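Chemist: Contents of coords27.cif (mmCIF, C-alpha atoms):
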data_work
#
loop_
_atom_site.label_atom_id
_atom_site.label_comp_id
_atom_site.auth_asym_id
_atom_site.auth_seq_id
_atom_site.Cartn_x
_atom_site.Cartn_y
_atom_site.Cartn_z
CA MET A 1 -89.62 187.13 -99.11
CA MET A 2 -89.79 190.05 -96.72
CA THR A 3 -93.07 191.93 -96.34
CA ARG A 4 -93.52 195.20 -94.46
CA ARG A 5 -97.04 196.42 -93.70
CA LEU A 6 -97.45 200.02 -92.58
CA MET A 7 -100.69 201.68 -91.51
CA MET A 8 -102.81 198.92 -93.02
CA ALA A 9 -106.46 199.73 -92.54
CA GLY A 10 -109.68 198.03 -93.60
CA LEU A 11 -110.22 198.32 -97.34
CA ALA A 12 -113.98 198.72 -97.06
CA VAL A 13 -115.19 202.31 -97.14
CA SER A 14 -118.49 203.93 -96.26
CA VAL A 15 -120.89 204.48 -99.12
CA PRO A 16 -120.64 208.07 -100.37
CA ALA A 17 -123.51 210.05 -101.77
CA LYS A 18 -124.66 208.82 -105.13
CA GLY A 19 -123.34 210.68 -108.15
CA ARG A 20 -120.76 210.48 -110.89
CA ALA A 21 -117.51 212.30 -110.26
CA GLN A 22 -116.65 214.46 -113.25
CA PHE A 23 -113.03 214.85 -114.26
CA VAL A 24 -112.23 218.54 -114.63
CA PRO A 25 -108.88 219.26 -116.35
CA GLN A 26 -106.67 221.47 -114.23
CA LYS A 27 -103.75 223.59 -115.36
CA THR A 28 -100.37 223.27 -113.70
CA THR A 29 -98.64 226.01 -111.78
CA LEU A 30 -95.27 224.23 -111.54
CA SER A 31 -94.13 226.65 -108.87
CA ILE A 32 -91.24 224.32 -108.05
CA LEU A 33 -89.57 225.40 -111.31
CA SER A 34 -89.66 229.10 -110.49
CA GLY A 35 -87.96 228.82 -107.11
CA THR A 36 -84.32 228.27 -106.21
CA SER A 37 -83.47 225.04 -104.46
CA PRO A 38 -80.36 224.74 -102.27
CA THR A 39 -80.14 221.04 -103.15
CA HIS A 40 -81.29 220.65 -106.76
CA ARG A 41 -81.04 222.43 -110.09
CA MET A 42 -84.08 222.15 -112.30
CA ASP A 43 -84.79 222.28 -115.99
CA VAL A 44 -87.27 220.99 -118.56
CA ARG A 45 -86.26 219.21 -121.75
CA ASP A 46 -88.05 218.08 -124.88
CA GLY A 47 -88.11 214.35 -125.50
CA GLY A 48 -89.66 213.91 -128.92
CA GLY A 49 -93.30 214.45 -127.99
CA TYR A 50 -92.66 214.20 -124.25
CA ARG A 51 -91.72 216.83 -121.68
CA ILE A 52 -88.99 215.78 -119.26
CA PHE A 53 -88.83 217.60 -115.94
CA ARG A 54 -85.48 217.27 -114.17
CA ALA A 55 -84.43 218.00 -110.58
CA ILE A 56 -80.77 217.04 -110.26
CA PRO A 57 -78.71 217.41 -107.06
CA HIS A 58 -76.04 220.09 -107.26
CA GLY A 59 -73.47 217.57 -106.06
CA GLY A 60 -74.52 214.85 -108.48
CA ALA A 61 -76.64 211.74 -107.90
CA ASP A 62 -76.19 207.99 -107.83
CA HIS A 63 -79.91 207.24 -107.55
CA ALA A 64 -82.91 208.43 -109.55
CA ILE A 65 -86.70 208.19 -109.46
CA TYR A 66 -88.86 208.46 -112.55
CA LEU A 67 -92.29 210.02 -112.00
CA LEU A 68 -94.95 209.25 -114.60
CA ASP A 69 -97.54 211.96 -115.27
CA GLY A 70 -94.58 214.29 -114.83
CA ASN A 71 -96.62 217.48 -115.24
CA GLY A 72 -98.91 216.59 -112.35
CA ALA A 73 -96.15 215.06 -110.23
CA PHE A 74 -93.86 218.09 -110.51
CA ASP A 75 -96.86 220.31 -109.81
CA VAL A 76 -97.04 218.87 -106.26
CA LEU A 77 -93.28 218.58 -105.76
CA THR A 78 -92.12 220.95 -103.01
CA GLN A 79 -88.89 222.43 -101.74
CA ASP A 80 -89.29 220.41 -98.53
CA LEU A 81 -89.48 217.18 -100.53
CA LEU A 82 -86.34 218.13 -102.45
CA ALA A 83 -84.51 219.02 -99.23
CA ALA A 84 -85.35 215.58 -97.83
CA CYS A 85 -83.55 213.80 -100.68
CA PRO A 86 -80.48 215.94 -101.49
CA ARG A 87 -78.70 213.14 -103.39
CA LEU A 88 -81.65 211.86 -105.43
CA ALA A 89 -82.27 212.84 -109.06
CA ILE A 90 -85.98 213.26 -109.83
CA PHE A 91 -87.19 212.92 -113.41
CA GLY A 92 -90.79 213.65 -114.36
CA ILE A 93 -91.91 212.13 -117.66
CA GLY A 94 -94.76 214.28 -118.89
CA TYR A 95 -96.35 215.69 -122.01
CA PRO A 96 -96.26 219.04 -123.84
CA THR A 97 -99.38 220.44 -122.21
CA ASP A 98 -100.23 223.16 -119.70
CA TYR A 99 -102.50 220.73 -117.85
CA LYS A 100 -101.63 218.29 -115.08
CA PHE A 101 -102.60 215.28 -117.17
CA ASP A 102 -102.87 214.45 -120.85
CA THR A 103 -105.70 211.94 -120.57
CA ASP A 104 -105.49 210.70 -124.17
CA ARG A 105 -101.70 210.21 -124.20
CA ARG A 106 -101.56 208.53 -120.79
CA SER A 107 -104.45 206.22 -121.71
CA LEU A 108 -102.35 204.92 -124.58
CA ASP A 109 -98.93 204.89 -122.94
CA TYR A 110 -99.84 203.45 -119.53
CA THR A 111 -102.33 200.68 -120.32
CA PRO A 112 -101.18 197.10 -121.04
CA PRO A 113 -101.84 195.60 -124.46
CA VAL A 114 -105.18 193.85 -124.80
CA ALA A 115 -104.58 192.68 -128.36
CA ALA A 116 -101.67 192.55 -130.78
CA GLY A 117 -101.11 196.27 -130.28
CA PRO A 118 -102.84 199.56 -129.47
CA MET A 119 -106.55 199.74 -130.24
CA PRO A 120 -109.45 202.19 -129.79
CA ALA A 121 -111.00 202.21 -126.33
CA PRO A 122 -114.32 200.29 -126.44
CA GLN A 123 -116.20 203.03 -124.57
CA ARG A 124 -114.42 205.91 -126.34
CA PRO A 125 -113.20 204.96 -129.83
CA SER A 126 -111.46 208.32 -130.29
CA ARG A 127 -109.01 207.38 -127.50
CA MET A 128 -106.35 204.71 -128.00
CA ILE A 129 -105.35 202.17 -125.33
CA GLY A 130 -102.90 199.30 -124.93
CA GLY A 131 -99.60 201.01 -125.73
CA ALA A 132 -97.60 200.12 -122.60
CA GLY A 133 -95.53 197.59 -124.50
CA LEU A 134 -94.39 200.37 -126.84
CA PHE A 135 -93.91 203.02 -124.17
CA LEU A 136 -91.71 200.94 -121.86
CA PRO A 137 -88.75 200.62 -124.29
CA ARG A 138 -89.15 204.31 -125.13
CA LEU A 139 -89.02 205.16 -121.42
CA THR A 140 -85.95 203.03 -120.74
CA GLY A 141 -84.28 204.09 -123.99
CA GLU A 142 -84.45 207.57 -125.49
CA LEU A 143 -86.31 209.25 -122.61
CA ARG A 144 -83.88 207.82 -120.06
CA ARG A 145 -80.91 208.97 -122.15
CA ILE A 146 -82.24 212.53 -122.24
CA ALA A 147 -83.21 212.56 -118.56
CA GLU A 148 -79.88 211.23 -117.32
CA GLU A 149 -77.60 213.23 -119.59
CA GLY A 150 -74.74 214.49 -117.46
CA SER A 151 -75.48 212.05 -114.61
CA THR A 152 -74.17 208.62 -113.66
CA ILE A 153 -77.14 206.77 -112.19
CA LEU A 154 -76.66 203.44 -110.43
CA THR A 155 -80.23 202.64 -109.29
CA ARG A 156 -83.59 203.69 -110.70
CA THR A 157 -87.10 203.71 -109.22
CA LEU A 158 -90.32 203.92 -111.23
CA TRP A 159 -93.32 205.67 -109.64
CA GLY A 160 -96.80 205.88 -111.11
CA HIS A 161 -100.29 206.82 -109.91
CA SER A 162 -103.60 205.43 -111.17
CA PHE A 163 -102.97 204.43 -114.81
CA GLY A 164 -99.32 205.22 -114.04
CA GLY A 165 -99.47 202.73 -111.17
CA LEU A 166 -100.95 200.20 -113.58
CA PHE A 167 -98.01 200.81 -115.92
CA ALA A 168 -95.48 200.44 -113.08
CA LEU A 169 -96.92 197.00 -112.31
CA HIS A 170 -96.95 196.09 -116.00
CA ALA A 171 -93.24 196.96 -116.21
CA LEU A 172 -92.52 194.94 -113.06
CA PHE A 173 -94.42 191.90 -114.34
CA THR A 174 -93.08 191.91 -117.89
CA LYS A 175 -89.56 193.38 -117.70
CA PRO A 176 -88.62 193.68 -114.03
CA GLU A 177 -85.01 194.49 -114.90
CA SER A 178 -86.17 197.84 -116.37
CA PHE A 179 -85.97 199.47 -112.91
CA ASP A 180 -84.47 198.55 -109.56
CA ARG A 181 -87.48 199.62 -107.46
CA TYR A 182 -91.15 200.22 -108.13
CA ALA A 183 -93.92 202.32 -106.57
CA ALA A 184 -97.49 201.64 -107.75
CA ILE A 185 -99.90 204.15 -106.20
CA SER A 186 -103.66 203.54 -106.45
CA PRO A 187 -103.06 201.32 -109.51
CA SER A 188 -106.09 200.90 -111.76
CA LEU A 189 -106.41 197.17 -111.12
CA TRP A 190 -109.97 197.24 -112.48
CA TRP A 191 -108.71 198.11 -115.96
CA GLY A 192 -109.29 195.50 -118.66
CA ASP A 193 -111.63 193.56 -116.37
CA GLY A 194 -108.79 193.04 -113.91
CA MET A 195 -106.46 191.49 -116.49
CA LEU A 196 -103.33 192.50 -114.57
CA ILE A 197 -104.47 190.60 -111.49
CA THR A 198 -104.45 187.36 -113.48
CA VAL A 199 -100.82 187.80 -114.60
CA ALA A 200 -99.34 188.95 -111.32
CA ARG A 201 -96.98 186.01 -110.96
CA MET A 202 -93.44 186.80 -112.00
CA SER A 203 -89.90 185.50 -111.67
CA LEU A 204 -87.37 187.94 -110.26
CA ALA A 205 -83.65 187.47 -110.77
CA ARG A 206 -82.80 189.91 -107.97
CA THR A 207 -84.34 191.46 -104.87
CA THR A 208 -86.82 194.12 -105.98
CA PRO A 209 -88.66 196.49 -103.63
CA LEU A 210 -92.28 197.38 -104.44
CA LEU A 211 -94.32 200.05 -102.68
CA ILE A 212 -98.03 199.59 -103.37
CA ALA A 213 -100.41 202.07 -101.81
CA CYS A 214 -103.99 203.29 -101.95
CA GLY A 215 -106.44 205.42 -99.98
CA ASP A 216 -109.20 203.87 -97.93
CA ALA A 217 -111.75 206.27 -99.45
CA GLU A 218 -111.20 205.33 -103.08
CA ALA A 219 -114.26 204.25 -105.00
CA ARG A 220 -115.65 204.23 -108.55
CA ARG A 221 -119.35 204.66 -108.01
CA GLY A 222 -120.75 205.90 -111.30
CA ASP A 223 -124.55 205.53 -111.37
CA LEU A 224 -124.77 202.54 -109.02
CA ASP A 225 -127.30 202.53 -106.22
CA ASP A 226 -126.19 201.81 -102.65
CA ASP A 227 -126.59 198.04 -102.80
CA ALA A 228 -124.86 197.69 -106.15
CA PHE A 229 -122.08 199.97 -104.98
CA ARG A 230 -121.53 197.94 -101.80
CA HIS A 231 -121.31 194.84 -103.97
CA ARG A 232 -118.71 196.52 -106.18
CA LEU A 233 -116.71 197.53 -103.12
CA ALA A 234 -116.76 193.95 -101.83
CA VAL A 235 -115.72 192.54 -105.21
CA GLU A 236 -112.90 195.05 -105.66
CA ALA A 237 -111.67 194.53 -102.09
CA ALA A 238 -111.60 190.75 -102.65
CA GLN A 239 -109.72 191.20 -105.93
CA ARG A 240 -107.25 193.55 -104.28
CA GLN A 241 -106.68 191.11 -101.43
CA GLU A 242 -106.11 188.23 -103.86
CA PHE A 243 -103.68 190.41 -105.79
CA PHE A 244 -101.74 191.36 -102.65
CA ASP A 245 -101.64 187.71 -101.56
CA THR A 246 -100.08 186.77 -104.89
CA LEU A 247 -97.48 189.51 -104.55
CA ARG A 248 -96.57 188.34 -101.04
CA GLU A 249 -95.80 184.89 -102.44
CA THR A 250 -93.30 186.21 -104.99
CA PRO A 251 -89.71 185.29 -104.11
CA ARG A 252 -87.29 188.22 -103.90
CA LEU A 253 -90.11 190.81 -103.99
CA VAL A 254 -89.79 193.14 -100.98
CA LEU A 255 -93.35 194.36 -100.59
CA GLU A 256 -94.42 197.45 -98.66
CA GLU A 257 -98.18 197.95 -98.45
CA ARG A 258 -99.57 201.30 -97.35
CA VAL A 259 -103.13 202.54 -96.96
CA PHE A 260 -103.74 206.27 -96.48
CA PRO A 261 -106.65 206.79 -94.07
CA GLY A 262 -109.37 209.08 -95.37
CA LEU A 263 -107.78 209.75 -98.75
CA GLY A 264 -109.49 209.40 -102.10
CA HIS A 265 -107.99 208.38 -105.41
CA GLY A 266 -106.60 211.75 -106.49
CA GLN A 267 -105.24 212.62 -103.05
CA THR A 268 -102.91 209.62 -102.90
CA LEU A 269 -100.68 211.07 -105.64
CA ALA A 270 -99.17 213.76 -103.43
CA ALA A 271 -99.41 211.68 -100.24
CA SER A 272 -97.27 208.91 -101.70
CA LEU A 273 -94.34 211.04 -102.86
CA PRO A 274 -92.47 211.29 -99.52
CA PHE A 275 -92.49 207.49 -99.17
CA ALA A 276 -91.51 206.87 -102.79
CA LEU A 277 -88.65 209.36 -102.63
CA GLU A 278 -87.40 207.79 -99.41
CA MET A 279 -87.47 204.34 -101.00
CA ALA A 280 -85.61 205.59 -104.07
CA GLU A 281 -82.64 207.03 -102.17
#
Please re-express this file's structure in structure tokens.
Modeler:
Amino acid sequence: MMTRRLMMAGLAVSVPAKGRAQFVPQKTTLSILSGTSPTHRMDVRDGGGYRIFRAIPHGGADHAIYLLDGNGAFDVLTQDLLAACPRLAIFGIGYPTDYKFDTDRRSLDYTPPVAAGPMPAPQRPSRMIGGAGLFLPRLTGELRRIAEEGSTILTRTLWGHSFGGLFALHALFTKPESFDRYAAISPSLWWGDGMLITVARMSLARTTPLLIACGDAEARRGDLDDDAFRHRLAVEAAQRQEFFDTLRETPRLVLEERVFPGLGHGQTLAASLPFALEMAE
């Protein structure tokens, strides 16, 4: 197995000020859709409860990348990024909302099953979780058919951030043939008490590239005091290292590890796109 390490930095971070980060929903601007690109034509299609954002090269494409959280991903897509990949089709799989993220829908679609099927979230019973096993065939079936209509795609890359990164790894571990390449950015490895870490071993029938990336300033502090937070950091760093070690031992997995210095969890979404698009070409 070939492993490429780029910009690897220490995973420990300094302890930030105590306090719980509040998620504030943000609306999209999607300025990329209002401009004219010399390399891509863009449109948005309905996919039966999903919104499919498409940027397709004027001259056609052999390769494609699928971006989960398509609303948020296309909100940070720029003309410069499009110009850098003039032969790559970019498909954002999002939801019919004016916001960057649909937290309820993504919580269901992107999280691996923890029981026989989807179930209410233990901490928030109004939100469902564990639907990744249902979403994956939908993504590779009807949503792919709609996204690729009019194109002949030979290779496909799946990109996801946070819960989307968790889903990308779930797809890789359970049905690796679903995509040719994978990019898991700041994957929520903590989810389900780290259940994905325990099932990281897989058997690949073909060489499969995986980009896995995070920021070195990511942390879930909550209400922990400094000592408890340092302990959490140490535990999560050890789990992450064990997870990476397992990935490195996987035959035919071409692993690229990247750490973004100084970036927090949300910032890695935009920072990762140039590297994921380059890998997908």
Chemist: Taking only C-alpha atoms into account, name the residue in A:Phe275, A:Phe167, A:Trp159, A:Tyr66 that is nearest to Leu108 in chain A.
Modeler: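 Going through A:Phe275, A:Phe167, A:Trp159, A:Tyr66 one by one, the smallest distance to Leu108 in chain A is for A:Phe167.
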Chemist: I want to know what sits within 6 Å of range 207-214 of chain A, based on all atoms listed in the file, with residues of the same chain fewer than 3 positions away left out; could you give that as a ChimeraX atom specification?
Modeler: /A:181-186,252-259
Chemist: Might you pull out every residue within 7 Å of Phe163 in chain A, with all atoms listed in the file counted and same-chain residues fewer than 5 positions away left off, and present them as a PDB file with C-alpha atoms, keeping the file's coordinate frame?
Modeler:
ATOM      1  CA  TYR A 110     -99.840 203.450-119.530  1.00  0.00           C
ATOM      2  CA  THR A 111    -102.330 200.680-120.320  1.00  0.00           C
ATOM      3  CA  PRO A 187    -103.060 201.320-109.510  1.00  0.00           C
ATOM      4  CA  SER A 188    -106.090 200.900-111.760  1.00  0.00           C
TER       5      SER A 188
END
Chemist: Let me make sure I understand: among A:Tyr95, A:Phe135, A:Phe243, A:Phe101, which one has the smallest atom-to-atom distance to Pro118 in chain A if we use only C-alpha atoms?
Modeler: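 Going through A:Tyr95, A:Phe135, A:Phe243, A:Phe101 one by one, the smallest distance to Pro118 in chain A is for A:Phe135.
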Chemist: Please expand the PyMOL selection byres ((chain A and resi 33-45) around 6) into the concrete residues it hits in this file, giving the result as a list in words.
Modeler: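 Matching residues under the PyMOL selection byres ((chain A and resi 33-45) around 6) are Leu30, Ser31, Ile32, Asp46, Arg51, Ile52, Phe53, Arg54, Ala55, Ile56, Pro57, His58 and Pro86 of chain A.
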Chemist: Please, what distance in Å, to one decimal, runs between CA of Ser107 in chain A and CA of Gly131 in chain A?
Modeler: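 We find that CA of Ser107 in chain A and CA of Gly131 in chain A lie 8.2 Å from each other.
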Chemist: Give the answer as one residue: which of A:Arg106, A:Met195, A:Leu158, A:Phe260 has the shortest atom-to-atom distance to Ala276 in chain A, using all atoms listed in the file?
Modeler: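 The answer is A:Leu158, which sits nearest to Ala276 in chain A.
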Chemist: By how many Å are CA of Leu166 in chain A and CA of Leu189 in chain A apart?
Modeler: 6.7 Å
Chemist: From the list A:His63, A:Lys175, A:Arg105, A:Lys27, which residue is nearest Glu148 in chain A when using only C-alpha atoms?
Modeler: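 Closest candidate: A:His63.
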Chemist: Just checking: using all atoms listed in the file, which residue out of A:Ser203, A:Phe173, A:Gly222, A:Val114 ends up closest to Trp191 in chain A?
Modeler: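 Closest to Trp191 in chain A of all the choices is A:Val114.
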Chemist: Which distance in Å separates CA of Gly262 in chain A and CA of Ala200 in chain A, to one decimal?
Modeler: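 Distance reported for this atom pair: 27.6 Å.
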Chemist: Care to translate the PyMOL selection byres ((chain A and resi 174) around 12) into actual residues of this file, as a tab-separated table (two decimals) with C-alpha atoms, in the coordinates of the input?
Modeler:
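Output below, filename expr.tsv:
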chain	number	residue	atom	x	y	z
A	112	PRO	CA	-101.18	197.10	-121.04
A	113	PRO	CA	-101.84	195.60	-124.46
A	132	ALA	CA	-97.60	200.12	-122.60
A	133	GLY	CA	-95.53	197.59	-124.50
A	136	LEU	CA	-91.71	200.94	-121.86
A	137	PRO	CA	-88.75	200.62	-124.29
A	167	PHE	CA	-98.01	200.81	-115.92
A	168	ALA	CA	-95.48	200.44	-113.08
A	169	LEU	CA	-96.92	197.00	-112.31
A	170	HIS	CA	-96.95	196.09	-116.00
A	171	ALA	CA	-93.24	196.96	-116.21
A	172	LEU	CA	-92.52	194.94	-113.06
A	173	PHE	CA	-94.42	191.90	-114.34
A	175	LYS	CA	-89.56	193.38	-117.70
A	176	PRO	CA	-88.62	193.68	-114.03
A	177	GLU	CA	-85.01	194.49	-114.90
A	178	SER	CA	-86.17	197.84	-116.37
A	179	PHE	CA	-85.97	199.47	-112.91
A	196	LEU	CA	-103.33	192.50	-114.57
A	199	VAL	CA	-100.82	187.80	-114.60
A	200	ALA	CA	-99.34	188.95	-111.32
A	201	ARG	CA	-96.98	186.01	-110.96
A	202	MET	CA	-93.44	186.80	-112.00
A	203	SER	CA	-89.90	185.50	-111.67
A	204	LEU	CA	-87.37	187.94	-110.26
Chemist: Give me the residues within 12 Å of Gln241 in chain A as a short mmCIF file (atom, residue, chain, number, x, y, z; two decimals) with C-alpha atoms, in the coordinates of the input, counting all atoms listed in the file and dropping any in the same chain fewer than 2 places off.
Modeler:
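Contents of out-v4.cif, freshly written:
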data_model
loop_
_atom_site.label_atom_id
_atom_site.label_comp_id
_atom_site.auth_asym_id
_atom_site.auth_seq_id
_atom_site.Cartn_x
_atom_site.Cartn_y
_atom_site.Cartn_z
CA GLY A 10 -109.68 198.03 -93.60
CA LEU A 11 -110.22 198.32 -97.34
CA ALA A 12 -113.98 198.72 -97.06
CA LEU A 189 -106.41 197.17 -111.12
CA ILE A 197 -104.47 190.60 -111.49
CA ALA A 234 -116.76 193.95 -101.83
CA VAL A 235 -115.72 192.54 -105.21
CA GLU A 236 -112.90 195.05 -105.66
CA ALA A 237 -111.67 194.53 -102.09
CA ALA A 238 -111.60 190.75 -102.65
CA GLN A 239 -109.72 191.20 -105.93
CA PHE A 243 -103.68 190.41 -105.79
CA PHE A 244 -101.74 191.36 -102.65
CA ASP A 245 -101.64 187.71 -101.56
CA THR A 246 -100.08 186.77 -104.89
CA LEU A 247 -97.48 189.51 -104.55
CA ARG A 248 -96.57 188.34 -101.04
CA GLU A 257 -98.18 197.95 -98.45
#
Chemist: Please determine, counting only C-alpha atoms, which residue among A:Val24, A:Ala121, A:Leu273, A:Ile153 has the shortest atom-to-atom distance to Asp102 in chain A.
Modeler: A:Val24
Chemist: List the residues matched by the PyMOL selection byres ((chain A and resi 263) around 9) in the displayed structure as a ChimeraX atom specification, ordered by chain and then by residue number.
Modeler: /A:214-218,259-262,264-268,271
